[in-house]
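A short worksheet on the structure shown next.
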Amino acid sequence: MTSKPNLYPSPPDAPPQYGDVNAPAESLRPSVINVQQPQVYMQGGAQNNLGRMPTIAVCPSCHARQQTTVSHEPSTKTHLLALLICLVGGICCCCVPYCVDSCQSAVHTCSSCGAFIGTYQN
Ligand SMILES: [Zn+2]
């Protein structure tokens, strides 16, 4: 006596279809207003008010609220200023913008984990 295996099991019953009584109401999307500040470029969602000096900010990586570490890096404006000074005042003075912090952009990093927080450009 051989029992034939059931090669084609019957599909599971589909869940019963109810009406649209329990259909969720159309979810209202929160209006995201993307306000871009012209000079401060942020990474992450935290809104930190960065300036040229070390400031209290929330780290997007470790979420610590503490004073940032600022390092100054030459920006496009620094290079343009150096070029302008080179044309006007001679090549001896063209390195001045690279030595003046206020001519460079301030890069804020987390003093705890070293994560990049944001850049302030003059
Ligand atoms: Zn951090």
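Labels used: A, B, ... for chains in the order of the structure tokens, numbers from 1 for residues in each chain, and numbers from 1 for ligands as shown.
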Against ligand 1, which residues of chain A fall within 12 Å? For each one I want the closest pair of atoms and the distance in Å (one decimal), counting only C-alpha atoms and all ligand atoms, rows by chain and increasing residue number, as CSV.
```
residue,atom,partner,partner_atom_place_in_ligand_line,distance
A:Ile56,CA,ligand 1,1 (Zn),11.9
A:Ala57,CA,ligand 1,1 (Zn),9.7
A:Val58,CA,ligand 1,1 (Zn),7.8
A:Cys59,CA,ligand 1,1 (Zn),4.6
A:Pro60,CA,ligand 1,1 (Zn),6.6
A:Ser61,CA,ligand 1,1 (Zn),5.0
A:Cys62,CA,ligand 1,1 (Zn),4.1
A:His63,CA,ligand 1,1 (Zn),6.1
A:Ala64,CA,ligand 1,1 (Zn),5.8
A:Arg65,CA,ligand 1,1 (Zn),8.3
A:Gln66,CA,ligand 1,1 (Zn),8.7
A:Gln67,CA,ligand 1,1 (Zn),10.2
A:Thr68,CA,ligand 1,1 (Zn),9.0
A:Thr69,CA,ligand 1,1 (Zn),10.6
A:His108,CA,ligand 1,1 (Zn),10.9
A:Thr109,CA,ligand 1,1 (Zn),7.8
A:Cys110,CA,ligand 1,1 (Zn),4.6
A:Ser111,CA,ligand 1,1 (Zn),6.7
A:Ser112,CA,ligand 1,1 (Zn),5.1
A:Cys113,CA,ligand 1,1 (Zn),4.2
A:Gly114,CA,ligand 1,1 (Zn),5.9
A:Ala115,CA,ligand 1,1 (Zn),5.4
A:Phe116,CA,ligand 1,1 (Zn),8.2
A:Ile117,CA,ligand 1,1 (Zn),8.2
A:Gly118,CA,ligand 1,1 (Zn),12.0
```
Restricting it to C-alpha atoms, dump the selection as a PDB file, in the first residue's frame.
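Saved result, result25.pdb, follows:
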```pdb
ATOM      1  CA  ILE A  56      28.791  74.526  22.667  1.00  0.00           C
ATOM      2  CA  ALA A  57      27.284  72.133  20.170  1.00  0.00           C
ATOM      3  CA  VAL A  58      25.635  68.739  20.046  1.00  0.00           C
ATOM      4  CA  CYS A  59      27.761  66.094  18.419  1.00  0.00           C
ATOM      5  CA  PRO A  60      25.819  64.198  15.720  1.00  0.00           C
ATOM      6  CA  SER A  61      27.857  61.106  16.418  1.00  0.00           C
ATOM      7  CA  CYS A  62      28.011  60.709  20.188  1.00  0.00           C
ATOM      8  CA  HIS A  63      25.247  63.257  20.968  1.00  0.00           C
ATOM      9  CA  ALA A  64      27.367  64.883  23.607  1.00  0.00           C
ATOM     10  CA  ARG A  65      26.680  68.540  24.194  1.00  0.00           C
ATOM     11  CA  GLN A  66      30.008  70.144  24.815  1.00  0.00           C
ATOM     12  CA  GLN A  67      32.481  72.582  23.446  1.00  0.00           C
ATOM     13  CA  THR A  68      33.730  71.901  19.973  1.00  0.00           C
ATOM     14  CA  THR A  69      37.299  71.835  18.802  1.00  0.00           C
ATOM     15  CA  HIS A 108      34.182  72.247  14.238  1.00  0.00           C
ATOM     16  CA  THR A 109      34.847  68.743  15.473  1.00  0.00           C
ATOM     17  CA  CYS A 110      33.686  66.940  18.568  1.00  0.00           C
ATOM     18  CA  SER A 111      36.195  67.223  21.374  1.00  0.00           C
ATOM     19  CA  SER A 112      35.068  63.859  22.689  1.00  0.00           C
ATOM     20  CA  CYS A 113      34.952  61.559  19.681  1.00  0.00           C
ATOM     21  CA  GLY A 114      36.453  63.762  17.002  1.00  0.00           C
ATOM     22  CA  ALA A 115      33.437  63.603  14.723  1.00  0.00           C
ATOM     23  CA  PHE A 116      32.873  66.381  12.218  1.00  0.00           C
ATOM     24  CA  ILE A 117      30.136  68.688  13.442  1.00  0.00           C
ATOM     25  CA  GLY A 118      30.080  71.528  11.004  1.00  0.00           C
TER      26      GLY A 118
END
```
Which polymer residues have any atom within 6 Å of an atom of region 70-74 of chain A, counting only C-alpha atoms, with same-chain residues fewer than 6 positions away left out, as number ranges by chain?
-> A: 54, 104-108
Save out the residues we just selected, N, CA and C atoms, as a PDB file, in the first residue's frame.
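Final file, part_38.pdb:
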```pdb
ATOM      1  N   PRO A  54      35.381  78.211  19.226  1.00  0.00           N
ATOM      2  CA  PRO A  54      34.785  76.989  19.794  1.00  0.00           C
ATOM      3  C   PRO A  54      33.495  77.306  20.525  1.00  0.00           C
ATOM      4  N   GLN A 104      39.891  82.127   7.051  1.00  0.00           N
ATOM      5  CA  GLN A 104      39.707  80.721   6.755  1.00  0.00           C
ATOM      6  C   GLN A 104      38.398  80.247   7.367  1.00  0.00           C
ATOM      7  N   SER A 105      37.967  79.104   6.914  1.00  0.00           N
ATOM      8  CA  SER A 105      36.747  78.536   7.464  1.00  0.00           C
ATOM      9  C   SER A 105      37.080  77.734   8.717  1.00  0.00           C
ATOM     10  N   ALA A 106      36.174  77.823   9.685  1.00  0.00           N
ATOM     11  CA  ALA A 106      36.379  77.131  10.954  1.00  0.00           C
ATOM     12  C   ALA A 106      35.688  75.776  10.895  1.00  0.00           C
ATOM     13  N   VAL A 107      36.460  74.734  11.089  1.00  0.00           N
ATOM     14  CA  VAL A 107      35.925  73.374  11.062  1.00  0.00           C
ATOM     15  C   VAL A 107      35.744  72.912  12.507  1.00  0.00           C
ATOM     16  N   HIS A 108      34.490  72.672  12.873  1.00  0.00           N
ATOM     17  CA  HIS A 108      34.182  72.247  14.238  1.00  0.00           C
ATOM     18  C   HIS A 108      34.145  70.719  14.300  1.00  0.00           C
TER      19      HIS A 108
END
```
A straight line from CA of Gly89 (chain A) to CA of Ser75 (chain A) spans 20.4 Å
